[in-house]
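Listing of upload-v4.cif; format and content: mmCIF, C-alpha atoms (C1' of nucleotides).
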data_entry
loop_
_atom_site.label_atom_id
_atom_site.label_comp_id
_atom_site.auth_asym_id
_atom_site.auth_seq_id
_atom_site.Cartn_x
_atom_site.Cartn_y
_atom_site.Cartn_z
CA MET A 1 -2.82 44.44 27.64
CA ALA A 2 -1.57 40.98 26.82
CA SER A 3 0.47 39.53 24.04
CA ASN A 4 -0.43 36.44 22.09
CA ARG A 5 2.24 37.17 19.54
CA ARG A 6 5.31 36.45 21.60
CA ASN A 7 6.18 36.57 25.26
CA SER A 8 9.49 38.26 25.69
CA VAL A 9 12.09 40.39 24.04
CA ARG A 10 14.50 38.14 22.26
CA ARG A 11 18.25 37.95 22.07
CA LYS A 12 19.94 40.17 19.62
CA GLY A 13 21.24 38.38 16.57
CA LYS A 14 23.87 39.14 14.03
CA GLY A 15 23.14 39.47 10.37
CA LYS A 16 23.07 41.64 7.34
CA GLU A 17 21.28 44.95 7.30
CA ASP A 18 19.48 44.27 4.05
CA CYS A 19 16.16 42.98 5.21
CA GLY A 20 12.92 44.43 4.08
CA GLN A 21 11.84 46.53 1.17
CA ALA A 22 8.93 48.79 0.45
CA PRO A 23 6.11 46.58 -0.75
CA LYS A 24 4.63 48.95 -3.31
CA LYS A 25 7.86 50.12 -4.89
CA ASP A 26 10.49 47.90 -6.44
CA GLY A 27 9.07 44.64 -5.16
CA LEU A 28 10.49 41.26 -5.94
CA LYS A 29 12.84 42.06 -8.75
CA ASN A 30 16.39 43.32 -8.35
CA MET A 31 17.28 40.08 -6.64
CA LYS A 32 20.90 39.18 -6.61
CA LEU A 33 21.38 35.53 -7.33
CA ILE A 34 22.87 33.53 -10.13
CA VAL A 35 21.03 30.65 -11.71
CA MET A 36 22.95 27.45 -11.22
CA PRO A 37 22.95 25.06 -14.18
CA GLU A 38 21.85 22.15 -12.00
CA ASP A 39 18.79 24.14 -10.95
CA THR A 40 17.35 24.17 -14.41
CA MET A 41 15.14 21.60 -16.03
CA ASN A 42 14.77 21.82 -19.79
CA GLY A 43 15.69 25.45 -19.65
CA HIS A 44 13.17 26.15 -16.89
CA ILE A 45 13.93 26.53 -13.24
CA SER A 46 12.26 23.83 -11.20
CA LEU A 47 9.54 24.96 -8.85
CA SER A 48 11.31 23.51 -5.85
CA THR A 49 14.26 25.75 -6.67
CA VAL A 50 11.89 28.69 -6.79
CA VAL A 51 10.42 27.71 -3.44
CA ASN A 52 13.92 27.62 -1.98
CA ARG A 53 14.55 31.07 -3.35
CA LEU A 54 11.45 32.36 -1.56
CA LYS A 55 12.65 31.35 1.90
CA LEU A 56 13.32 34.09 4.40
CA LYS A 57 16.92 34.45 5.56
CA ARG A 58 17.52 33.85 9.23
CA GLY A 59 19.58 37.01 9.59
CA ASP A 60 16.89 39.08 7.90
CA ILE A 61 14.26 37.68 10.22
CA SER A 62 16.35 38.37 13.25
CA ASP A 63 16.98 41.98 12.27
CA ALA A 64 13.43 42.74 11.27
CA VAL A 65 11.71 41.02 14.15
CA ARG A 66 13.91 42.74 16.71
CA LYS A 67 12.82 46.14 15.46
CA VAL A 68 9.18 45.23 15.02
CA ASN A 69 8.76 43.49 18.36
CA SER A 70 10.54 46.08 20.41
CA THR A 71 8.54 48.89 18.85
CA VAL A 72 5.19 47.18 19.23
CA ASP A 73 6.08 46.26 22.81
CA THR A 74 6.97 49.85 23.55
CA ILE A 75 3.72 51.10 22.08
CA LEU A 76 1.54 48.65 23.96
CA LYS A 77 3.32 49.18 27.25
CA SER A 78 3.35 52.95 27.00
CA ASP A 79 1.45 55.01 29.55
CA ALA A 80 -0.81 56.46 26.89
CA ILE A 81 -2.10 53.01 26.00
CA ALA A 82 -1.84 51.44 29.45
CA THR A 83 -3.97 54.17 31.03
CA HIS A 84 -6.45 54.59 28.18
CA PRO A 85 -9.98 53.55 29.17
CA LEU A 86 -10.52 51.56 25.98
CA PHE A 87 -7.12 50.76 24.52
CA HIS A 88 -5.50 49.40 27.67
CA ARG A 89 -7.44 46.19 27.09
CA MET A 90 -5.95 45.62 23.66
CA GLU A 91 -4.26 42.32 22.97
CA ASP A 92 -1.90 41.85 20.06
CA ILE A 93 -2.10 38.85 17.78
CA GLY A 94 0.32 38.28 14.95
CA SER A 95 -1.58 37.52 11.76
CA GLY A 96 -0.97 37.39 8.05
CA SER A 97 1.82 35.85 6.00
CA TYR A 98 4.74 36.31 8.32
CA TYR A 99 3.09 34.61 11.26
CA GLU A 100 1.75 31.84 9.05
CA HIS A 101 5.23 31.11 7.69
CA LEU A 102 3.99 32.08 4.27
CA LYS A 103 5.93 35.29 3.82
CA ILE A 104 8.20 35.10 0.80
CA ILE A 105 11.56 36.67 -0.13
CA LYS A 106 11.94 39.09 2.75
CA PRO A 107 10.41 39.71 6.17
CA ASN A 108 9.36 43.21 5.19
CA GLU A 109 5.64 43.15 5.98
CA PHE A 110 4.07 42.35 9.30
CA ASP A 111 0.40 42.30 10.23
CA ILE A 112 -0.58 42.62 13.84
CA MET A 113 -4.17 42.65 15.02
CA LEU A 114 -4.91 44.73 18.07
CA THR A 115 -7.98 43.09 19.49
CA LEU A 116 -10.59 44.51 21.81
CA SER A 117 -13.11 42.37 23.60
CA VAL A 118 -16.39 44.22 23.35
CA GLY A 119 -19.03 41.92 24.79
CA ARG A 120 -22.32 41.28 23.08
CA LEU A 121 -23.16 43.54 20.18
CA GLN A 122 -25.98 43.99 17.73
CA LEU A 123 -24.64 43.24 14.25
CA LYS A 124 -26.62 44.63 11.36
CA SER A 125 -25.58 43.39 7.96
CA TYR A 126 -24.72 46.18 5.53
CA GLY A 127 -25.03 45.61 1.80
CA GLU A 128 -25.38 42.31 0.02
CA SER A 129 -22.05 40.68 0.72
CA GLY A 130 -22.63 39.52 4.29
CA ALA A 131 -19.15 40.76 5.18
CA PHE A 132 -19.92 44.31 6.33
CA TYR A 133 -21.81 45.25 9.44
CA THR A 134 -22.82 48.17 11.57
CA LEU A 135 -22.32 47.56 15.27
CA SER A 136 -24.43 48.80 18.14
CA PHE A 137 -25.22 47.83 21.70
CA LYS A 138 -28.20 45.66 22.49
CA ARG A 139 -28.74 47.62 25.66
CA LEU A 140 -27.63 51.20 26.00
CA PRO A 141 -24.22 51.19 27.68
CA ALA A 142 -23.57 53.01 30.93
CA ALA A 143 -22.29 56.55 30.59
CA ARG A 144 -18.83 55.55 31.75
CA HIS A 145 -18.58 52.64 29.33
CA PRO A 146 -15.29 53.04 27.44
CA LEU A 147 -17.01 52.70 24.08
CA LYS A 148 -19.69 55.29 24.85
CA LYS A 149 -17.69 58.17 23.45
CA TYR A 150 -17.12 56.30 20.19
CA LEU A 151 -20.77 56.03 19.18
CA ASP A 152 -22.11 58.04 16.26
CA ASP A 153 -25.48 59.82 16.05
CA GLU A 154 -27.33 56.60 15.38
CA GLY A 155 -25.70 54.69 18.21
CA ASN A 156 -23.36 52.73 15.97
CA ILE A 157 -19.77 52.16 17.03
CA SER A 158 -17.74 54.53 14.92
CA ALA A 159 -14.69 52.97 13.34
CA GLN A 160 -13.42 56.37 12.32
CA LYS A 161 -13.58 57.85 15.81
CA ILE A 162 -11.74 54.92 17.36
CA MET A 163 -9.11 54.71 14.66
CA CYS A 164 -8.52 58.44 14.79
CA ASP A 165 -7.81 58.36 18.53
CA LEU A 166 -5.64 55.28 18.33
CA ARG A 167 -3.69 56.71 15.44
CA CYS A 168 -2.99 59.93 17.29
CA ILE A 169 -1.84 58.08 20.39
CA ILE A 170 0.49 55.82 18.45
CA LYS A 171 1.80 58.78 16.50
CA ASP A 172 2.72 60.53 19.75
CA ILE A 173 4.42 57.44 21.11
CA ILE A 174 6.62 56.75 18.12
CA LYS A 175 7.57 60.41 17.93
CA LYS A 176 9.38 59.97 21.24
CA LEU A 177 11.20 56.81 20.22
CA ASP A 178 14.86 56.87 19.32
CA ILE A 179 14.32 54.20 16.67
CA PRO A 180 13.74 55.69 13.23
CA VAL A 181 10.13 54.81 12.53
CA THR A 182 7.36 56.76 10.90
CA ILE A 183 3.65 56.32 10.50
CA ALA A 184 2.34 56.04 6.97
CA ARG A 185 -0.30 58.38 5.65
CA LYS A 186 -3.79 57.10 6.16
CA LYS A 187 -4.96 55.21 3.12
CA ARG A 188 -8.58 55.31 2.11
CA TYR A 189 -10.47 52.09 2.78
CA SER A 190 -7.54 50.70 4.74
CA PRO A 191 -8.22 49.76 8.36
CA ALA A 192 -4.52 49.71 9.21
CA ILE A 193 -2.20 52.02 11.06
CA THR A 194 1.05 51.38 9.25
CA LEU A 195 4.46 51.79 10.84
CA ILE A 196 7.38 52.19 8.47
CA PHE A 197 10.96 51.40 9.43
CA PRO A 198 12.85 53.29 6.74
CA ASN A 199 16.06 51.30 6.81
CA GLU A 200 17.76 52.42 3.64
CA PRO A 201 17.53 51.13 1.05
CA ASP A 202 14.86 48.78 2.29
CA SER A 203 11.95 49.38 4.55
CA ILE A 204 9.76 47.27 6.77
CA SER A 205 6.07 47.96 7.17
CA VAL A 206 3.96 46.91 10.12
CA ASP A 207 0.20 47.04 9.76
CA LEU A 208 -1.57 47.50 13.07
CA VAL A 209 -5.21 46.61 12.62
CA LEU A 210 -7.75 47.25 15.33
CA ALA A 211 -10.16 44.35 15.56
CA LEU A 212 -13.23 44.11 17.74
CA LYS A 213 -13.96 40.74 19.29
CA PRO A 214 -17.67 40.47 20.04
CA GLN A 215 -19.12 37.66 22.09
CA GLY A 216 -21.47 35.25 20.45
CA SER A 217 -21.54 32.84 17.58
CA TRP A 218 -20.47 33.59 14.04
CA PRO A 219 -22.90 35.69 11.96
CA ALA A 220 -25.48 33.93 9.78
CA SER A 221 -23.63 34.89 6.60
CA THR A 222 -20.89 32.39 7.50
CA LYS A 223 -23.34 29.53 7.58
CA GLY A 224 -22.31 27.64 4.44
CA GLY A 225 -18.70 28.77 4.62
CA LEU A 226 -15.57 27.09 5.93
CA ASP A 227 -16.30 24.02 3.86
CA ILE A 228 -13.70 21.73 5.39
CA LYS A 229 -15.77 18.70 6.32
CA ASN A 230 -14.01 16.40 3.87
CA TRP A 231 -10.62 18.01 4.37
CA LEU A 232 -10.10 18.69 8.07
CA GLY A 233 -13.29 17.08 9.35
CA THR A 234 -16.56 18.09 10.95
CA LYS A 235 -15.09 18.05 14.45
CA VAL A 236 -12.41 20.55 13.48
CA ARG A 237 -15.00 22.70 11.74
CA ARG A 238 -17.23 22.74 14.80
CA GLU A 239 -14.30 23.64 17.03
CA LEU A 240 -13.14 26.41 14.73
CA ARG A 241 -16.62 27.90 14.54
CA TRP A 242 -16.68 28.01 18.29
CA LYS A 243 -13.63 30.28 18.32
CA PRO A 244 -13.95 34.08 18.32
CA PHE A 245 -14.49 36.08 15.16
CA TYR A 246 -13.30 39.63 14.62
CA LEU A 247 -14.47 42.83 12.99
CA VAL A 248 -12.00 45.28 11.49
CA ALA A 249 -12.55 48.96 10.79
CA LYS A 250 -12.99 48.64 7.05
CA GLN A 251 -15.48 50.43 4.84
CA PRO A 252 -16.75 48.86 1.60
CA ILE A 253 -14.78 50.10 -1.38
CA GLY A 254 -16.62 52.61 -3.51
CA GLU A 255 -18.99 53.47 -0.71
CA LYS A 256 -20.40 56.88 -1.54
CA ASN A 257 -22.25 57.44 1.67
CA ALA A 258 -19.36 58.12 4.02
CA LYS A 259 -21.71 58.59 6.94
CA VAL A 260 -22.34 54.89 7.36
CA GLU A 261 -19.85 53.38 9.76
CA THR A 262 -19.24 49.76 8.90
CA TRP A 263 -16.94 47.01 10.07
CA ARG A 264 -15.85 43.99 8.11
CA LEU A 265 -15.61 40.42 9.29
CA SER A 266 -12.11 39.03 9.67
CA PHE A 267 -11.15 35.41 10.20
CA SER A 268 -7.37 35.85 10.20
CA THR A 269 -7.01 33.84 13.37
CA ILE A 270 -8.91 30.91 11.86
CA GLU A 271 -6.89 31.12 8.66
CA LYS A 272 -3.72 30.99 10.70
CA GLU A 273 -4.93 27.94 12.53
CA ILE A 274 -5.91 26.15 9.31
CA ILE A 275 -2.58 26.91 7.69
CA LYS A 276 -0.78 25.63 10.74
CA ASN A 277 -2.85 22.47 10.89
CA HIS A 278 -3.45 21.94 7.21
CA GLY A 279 -3.32 18.18 6.81
CA GLN A 280 -6.17 15.73 6.56
CA ARG A 281 -4.09 13.50 8.81
CA LYS A 282 -2.79 14.87 12.06
CA THR A 283 0.71 13.72 11.14
CA CYS A 284 0.92 15.74 7.91
CA CYS A 285 4.37 17.34 7.57
CA GLU A 286 5.52 15.92 10.91
CA ASN A 287 8.17 13.80 9.21
CA LYS A 288 9.88 13.41 5.91
CA GLU A 289 7.48 10.87 4.38
CA ASP A 290 4.42 12.86 5.29
CA THR A 291 5.64 16.17 3.89
CA CYS A 292 3.05 17.88 1.72
CA CYS A 293 3.43 20.80 -0.66
CA ARG A 294 0.34 22.83 0.24
CA LYS A 295 2.24 25.75 1.70
CA SER A 296 4.81 25.69 -1.09
CA CYS A 297 2.01 25.91 -3.64
CA LEU A 298 0.47 28.89 -1.91
CA LYS A 299 3.84 30.64 -1.68
CA LEU A 300 4.35 30.08 -5.39
CA LEU A 301 0.92 31.41 -6.31
CA LYS A 302 1.44 34.49 -4.15
CA CYS A 303 4.81 35.05 -5.77
CA LEU A 304 3.43 34.57 -9.26
CA LEU A 305 0.71 37.10 -8.60
CA GLU A 306 3.12 39.61 -7.10
CA LEU A 307 5.53 39.32 -10.02
CA LEU A 308 2.74 39.79 -12.54
CA LYS A 309 1.45 42.78 -10.57
CA GLU A 310 4.88 44.36 -10.78
CA ASN A 311 4.90 43.96 -14.53
CA HIS A 312 1.33 45.07 -15.16
CA LYS A 313 -0.24 48.03 -13.44
CA ARG A 314 -3.67 46.87 -14.58
CA LEU A 315 -3.46 44.12 -12.01
CA HIS A 316 -3.36 46.44 -8.99
CA GLN A 317 -6.76 45.27 -7.78
CA PHE A 318 -5.52 41.77 -7.09
CA CYS A 319 -3.98 40.98 -3.75
CA SER A 320 -2.42 38.04 -1.98
CA TYR A 321 -5.66 37.38 -0.14
CA HIS A 322 -7.20 36.34 -3.45
CA ALA A 323 -4.44 33.75 -3.82
CA LYS A 324 -4.96 32.57 -0.28
CA THR A 325 -8.72 32.29 -0.74
CA ALA A 326 -8.38 30.31 -3.96
CA PHE A 327 -5.83 28.11 -2.22
CA LEU A 328 -8.19 27.31 0.64
CA HIS A 329 -10.97 26.40 -1.79
CA CYS A 330 -8.50 24.25 -3.68
CA CYS A 331 -7.64 22.42 -0.47
CA THR A 332 -11.35 21.73 -0.04
CA LYS A 333 -11.59 20.39 -3.56
CA TYR A 334 -8.51 18.18 -3.12
CA PRO A 335 -8.73 17.25 0.54
CA ARG A 336 -6.38 14.27 0.75
CA ASP A 337 -2.74 14.63 1.80
CA THR A 338 -1.75 12.24 -0.99
CA GLN A 339 -3.10 14.79 -3.45
CA TRP A 340 -0.45 17.24 -2.25
CA ASN A 341 2.63 15.04 -2.14
CA VAL A 342 5.78 17.11 -2.17
CA LYS A 343 7.06 14.99 -5.05
CA ASP A 344 4.19 16.27 -7.17
CA LEU A 345 4.87 19.95 -6.57
CA GLU A 346 4.70 20.85 -10.25
CA ILE A 347 1.41 19.00 -10.75
CA CYS A 348 -0.12 20.40 -7.58
CA PHE A 349 0.86 23.94 -8.46
CA ASP A 350 -0.51 23.62 -12.00
CA ARG A 351 -3.73 22.38 -10.46
CA LEU A 352 -3.89 25.32 -8.07
CA VAL A 353 -3.27 27.71 -10.95
CA ASP A 354 -6.06 25.96 -12.86
CA TYR A 355 -8.37 26.47 -9.92
CA PHE A 356 -7.49 30.16 -9.79
CA LEU A 357 -8.03 30.44 -13.54
CA ASN A 358 -11.49 28.99 -13.09
CA CYS A 359 -12.32 31.68 -10.52
CA LEU A 360 -11.17 34.36 -12.94
CA GLU A 361 -13.15 32.93 -15.84
CA SER A 362 -16.32 32.61 -13.82
CA ALA A 363 -15.71 35.93 -12.02
CA TYR A 364 -16.51 34.05 -8.86
CA LEU A 365 -14.21 33.74 -5.88
CA PRO A 366 -16.33 33.51 -2.76
CA ASN A 367 -14.76 34.39 0.56
CA PHE A 368 -13.80 31.14 2.24
CA PHE A 369 -15.86 31.98 5.31
CA ILE A 370 -18.66 34.05 3.75
CA PRO A 371 -20.11 32.36 0.65
CA SER A 372 -22.16 35.39 -0.37
CA TYR A 373 -19.09 37.63 -0.50
CA ASN A 374 -17.62 37.38 -3.99
CA HIS A 375 -14.11 38.82 -4.13
CA PHE A 376 -14.34 38.97 -7.92
CA GLY A 377 -17.66 40.79 -7.86
CA SER A 378 -18.86 43.85 -9.67
CA GLU A 379 -16.18 46.18 -8.28
CA PHE A 380 -13.72 44.43 -10.55
CA ILE A 381 -13.66 46.69 -13.55
CA GLY A 382 -12.37 46.81 -17.06
CA GLY A 383 -11.55 43.24 -17.87
CA SER A 384 -8.79 42.86 -15.31
CA LEU A 385 -10.07 39.36 -14.62
CA ALA A 386 -9.68 38.41 -18.27
CA PHE A 387 -6.31 40.14 -18.40
CA LEU A 388 -4.91 38.23 -15.44
CA ASN A 389 -6.40 35.09 -16.89
CA SER A 390 -4.51 35.49 -20.15
CA LYS A 391 -1.26 36.26 -18.32
CA LEU A 392 -1.61 33.21 -16.11
CA VAL A 393 -2.46 30.90 -18.99
CA SER A 394 0.60 32.14 -20.81
CA GLU A 395 2.80 31.63 -17.76
CA LYS A 396 1.47 28.16 -17.15
CA THR A 397 1.92 26.93 -20.69
CA GLN A 398 5.49 28.25 -20.76
CA GLY A 399 6.51 26.77 -17.43
CA TYR A 400 6.28 30.05 -15.47
CA PRO A 401 9.14 32.01 -17.03
CA VAL A 402 8.34 35.00 -14.82
CA PHE A 403 9.98 33.15 -11.91
CA ASN A 404 13.29 33.54 -13.76
CA SER A 405 13.34 37.18 -12.73
CA LEU A 406 13.90 36.04 -9.14
CA PHE A 407 17.27 34.73 -10.20
CA LYS A 408 18.42 37.62 -12.37
CA LEU A 409 21.78 39.04 -11.52
"C1'" DA B 1 4.06 38.65 34.10
"C1'" DG B 2 7.45 35.58 32.94
"C1'" DG B 3 9.56 31.08 32.13
"C1'" DA B 4 9.66 26.10 30.43
"C1'" DG B 5 8.86 23.42 26.78
"C1'" DC B 6 6.89 22.88 22.47
"C1'" DT B 7 6.59 23.58 17.05
"C1'" DA B 8 8.27 25.32 12.71
"C1'" DC B 9 11.71 26.75 10.10
"C1'" DA B 10 16.64 28.15 8.38
"C1'" DC B 11 21.13 26.75 8.01
"C1'" DG B 12 25.46 24.74 8.46
"C1'" DA B 13 28.40 20.62 9.80
"C1'" DG B 14 29.47 16.14 8.70
"C1'" DC C 1 21.37 14.01 2.34
"C1'" DT C 2 20.59 13.86 7.54
"C1'" DC C 3 21.02 15.76 11.80
"C1'" DG C 4 22.01 19.14 15.34
"C1'" DT C 5 21.62 23.88 16.58
"C1'" DG C 6 19.83 28.59 16.57
"C1'" DT C 7 15.89 31.60 16.27
"C1'" DA C 8 11.11 33.02 16.66
"C1'" DG C 9 6.46 32.25 18.01
"C1'" DC C 10 3.08 30.05 20.82
"C1'" DT C 11 0.87 27.54 24.82
"C1'" DC C 12 0.68 26.19 29.14
"C1'" DC C 13 1.97 26.67 33.72
"C1'" DT C 14 2.81 28.85 37.98
#
Starting from the file, lay out its structure as structure tokens.
Amino acid sequence: MASNRRNSVRRKGKGKEDCGQAPKKDGLKNMKLIVMPEDTMNGHISLSTVVNRLKLKRGDISDAVRKVNSTVDTILKSDAIATHPLFHRMEDIGSGSYYEHLKIIKPNEFDIMLTLSVGRLQLKSYGESGAFYTLSFKRLPAARHPLKKYLDDEGNISAQKIMCDLRCIIKDIIKKLDIPVTIARKKRYSPAITLIFPNEPDSISVDLVLALKPQGSWPASTKGGLDIKNWLGTKVRRELRWKPFYLVAKQPIGEKNAKVETWRLSFSTIEKEIIKNHGQRKTCCENKEDTCCRKSCLKLLKCLLELLKENHKRLHQFCSYHAKTAFLHCCTKYPRDTQWNVKDLEICFDRLVDYFLNCLESAYLPNFFIPSYNHFGSEFIGGSLAFLNSKLVSEKTQGYPVFNSLFKL
DNA sequence: AGGAGCTACACGAG
DNA sequence: CTCGTGTAGCTCCT
């Protein structure tokens, strides 16, 4: 196996033992910080102060990363993986907020894709969204092909069979570790194998997501997606579309027929690349004058959503990926770096919130890569769109008072 | 596989 | 505030 995530075990660092916290419980409140008078503007905390509050602490990063990296290294280098006919080819790629420098408050959630190169496959679209597929071989594979034993009755690659084996292997490995780490119970519809480091009182979770990397160009459903021509340019778009795409072991939510084995498209690697190189000009954020506030705006929107979710159980269906998706569309709508000047943080964030509000009102938030896949589609029940809408409008008109809870004693 | 050199960020000294 | 340093991740190179 090979690592794209990092290349060596790092030095040990000193720091506090208070990094990480269970994502579902508690969440962002119970922060310990006092509001300074100079941080307030007309009774409201300025957004730049909030952004500062969201930064990860160096000591926390050091502590968390040391545990996460050493454990993942141990797993991937273990005999059980290294000698496995299929899994020994896995490569790990850091993805998600932490590796995009978008994680807020604490480094308590890590996403790592475990990728498998699988050659050319037959992708059959499943459902209307263009995001879900069944996978089979174009030609029947040889009997000793490592994927042969993971085919179901119809010759489709079975996500469940693969995930089951991988989960068992990882479970065995971590059982033998001296580090206190457990494996979370399998969640329905979740493609992840989640490691939990139960460092009292906080915990760190690491989502390991198996992702198949088929050869070939992106599926037809992505055709009108990745609308970045005016923002990052046609050349960049062409180059990005030449890069690999991935399929993760995810079943459509609410799928009654459990027999159908589907995989869902994932473009985490492309998202990471866009976030890293997010400016219209190559020099964006390279020096002080060219600093933009795109990432700050996304951090704020993620935080806003998380805080509202903590306060309202009805909002459980919303996730940070919705914020990220709306953000990417917003970047397309406002492509110029001058439209995201760091001096205009408040304006830019209001504008992003407006964009998100529009998605809620129209019940339409297409996946940034798959236009036919509406994240706010029919599975959103019971007026939760309207509910979030009203909460956001209220927050916006009042200058986002919910951010004050980040500074409560 | 492992290291050099790079980027991005946090943070503290001045 | 600016700048130097430490840390982590990533790419390229051998």
**Message:** Applying the PyMOL selection byres ((chain C) within 9 of (chain A)) to the file I just gave you, which residues come out? Please list them as a list in words.
**Reply:**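 Selected by the PyMOL selection byres ((chain C) within 9 of (chain A)) here: DT7, DA8, DG9 and DC10 of chain C.
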Each residue of chain B lying at most 12 Å from chain A should get a row with its shortest atom-to-atom pair and the distance in Å to one decimal, counting only C-alpha atoms (C1' of nucleotides); could you produce that, ordered by chain and increasing number, as a tab-separated table?
residue	atom	partner	partner_atom	distance
B:DA1	C1'	A:Asn7	CA	9.3
B:DG2	C1'	A:Asn7	CA	7.8
B:DG3	C1'	A:Asn7	CA	9.4
B:DT7	C1'	A:Glu286	CA	9.9
B:DA8	C1'	A:His101	CA	8.2
B:DC9	C1'	A:His101	CA	8.2
B:DA10	C1'	A:Arg58	CA	5.8
B:DC11	C1'	A:Arg58	CA	8.1
**Request:** Could you jot down the CA of Leu308 (chain A) to CA of Ser205 (chain A) separation for me, Å, one decimal place?
**Result:**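 So the two atoms, CA of Leu308 (chain A) and CA of Ser205 (chain A), lie 21.6 Å apart.
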**Output of the PyMOL selection byres ((chain A and resi 123) around 9), listed as JSON, numbers by chain** = {"A": [121, 122, 124, 125, 133, 134, 135, 136, 137, 219]}
**Request:** Given the file shown, determine the residues that the PyMOL selection byres ((chain C and resi 1) around 12) selects; report them as an MDAnalysis selection string.
**Result:** (chainID B and resid 14) or (chainID C and resid 2:3)
**Distance in Å - CA of Ser405 (chain A) versus CA of Thr325 (chain A)** = 25.6 Å
**Item:** For CA of Lys186 (chain A) and CA of Gln160 (chain A), the interatomic separation in Å (one decimal)
**Value:** 11.5 Å
**Request:** Mind checking which residues fall within 12 Å of Ser378 (chain A), counting only C-alpha atoms (C1' of nucleotides), ignoring those fewer than 4 positions away in the same chain, and posting them as number ranges by chain?
**Result:** A: 128-129, 253-254, 363-365, 373-374, 382-385
**Message:** Given the point (-6.7, 34.9, 12.0) in the file's coordinates, find the residues that have an atom at most 12 Å from it, counting only C-alpha atoms (C1' of nucleotides), and give them as a PyMOL selection string.
**Reply:** chain A and resi 4-5+92-97+99-100+111-115+209+211+213+240+243-248+265-276+369
Convert the current residue selection to file output with C-alpha atoms, as a PDB file, in the frame of the given file.
ATOM      1  CA  ASN A   4      -0.430  36.440  22.090  1.00  0.00           C
ATOM      2  CA  ARG A   5       2.240  37.170  19.540  1.00  0.00           C
ATOM      3  CA  ASP A  92      -1.900  41.850  20.060  1.00  0.00           C
ATOM      4  CA  ILE A  93      -2.100  38.850  17.780  1.00  0.00           C
ATOM      5  CA  GLY A  94       0.320  38.280  14.950  1.00  0.00           C
ATOM      6  CA  SER A  95      -1.580  37.520  11.760  1.00  0.00           C
ATOM      7  CA  GLY A  96      -0.970  37.390   8.050  1.00  0.00           C
ATOM      8  CA  SER A  97       1.820  35.850   6.000  1.00  0.00           C
ATOM      9  CA  TYR A  99       3.090  34.610  11.260  1.00  0.00           C
ATOM     10  CA  GLU A 100       1.750  31.840   9.050  1.00  0.00           C
ATOM     11  CA  ASP A 111       0.400  42.300  10.230  1.00  0.00           C
ATOM     12  CA  ILE A 112      -0.580  42.620  13.840  1.00  0.00           C
ATOM     13  CA  MET A 113      -4.170  42.650  15.020  1.00  0.00           C
ATOM     14  CA  LEU A 114      -4.910  44.730  18.070  1.00  0.00           C
ATOM     15  CA  THR A 115      -7.980  43.090  19.490  1.00  0.00           C
ATOM     16  CA  VAL A 209      -5.210  46.610  12.620  1.00  0.00           C
ATOM     17  CA  ALA A 211     -10.160  44.350  15.560  1.00  0.00           C
ATOM     18  CA  LYS A 213     -13.960  40.740  19.290  1.00  0.00           C
ATOM     19  CA  LEU A 240     -13.140  26.410  14.730  1.00  0.00           C
ATOM     20  CA  LYS A 243     -13.630  30.280  18.320  1.00  0.00           C
ATOM     21  CA  PRO A 244     -13.950  34.080  18.320  1.00  0.00           C
ATOM     22  CA  PHE A 245     -14.490  36.080  15.160  1.00  0.00           C
ATOM     23  CA  TYR A 246     -13.300  39.630  14.620  1.00  0.00           C
ATOM     24  CA  LEU A 247     -14.470  42.830  12.990  1.00  0.00           C
ATOM     25  CA  VAL A 248     -12.000  45.280  11.490  1.00  0.00           C
ATOM     26  CA  LEU A 265     -15.610  40.420   9.290  1.00  0.00           C
ATOM     27  CA  SER A 266     -12.110  39.030   9.670  1.00  0.00           C
ATOM     28  CA  PHE A 267     -11.150  35.410  10.200  1.00  0.00           C
ATOM     29  CA  SER A 268      -7.370  35.850  10.200  1.00  0.00           C
ATOM     30  CA  THR A 269      -7.010  33.840  13.370  1.00  0.00           C
ATOM     31  CA  ILE A 270      -8.910  30.910  11.860  1.00  0.00           C
ATOM     32  CA  GLU A 271      -6.890  31.120   8.660  1.00  0.00           C
ATOM     33  CA  LYS A 272      -3.720  30.990  10.700  1.00  0.00           C
ATOM     34  CA  GLU A 273      -4.930  27.940  12.530  1.00  0.00           C
ATOM     35  CA  ILE A 274      -5.910  26.150   9.310  1.00  0.00           C
ATOM     36  CA  ILE A 275      -2.580  26.910   7.690  1.00  0.00           C
ATOM     37  CA  LYS A 276      -0.780  25.630  10.740  1.00  0.00           C
ATOM     38  CA  PHE A 369     -15.860  31.980   5.310  1.00  0.00           C
TER      39      PHE A 369
END
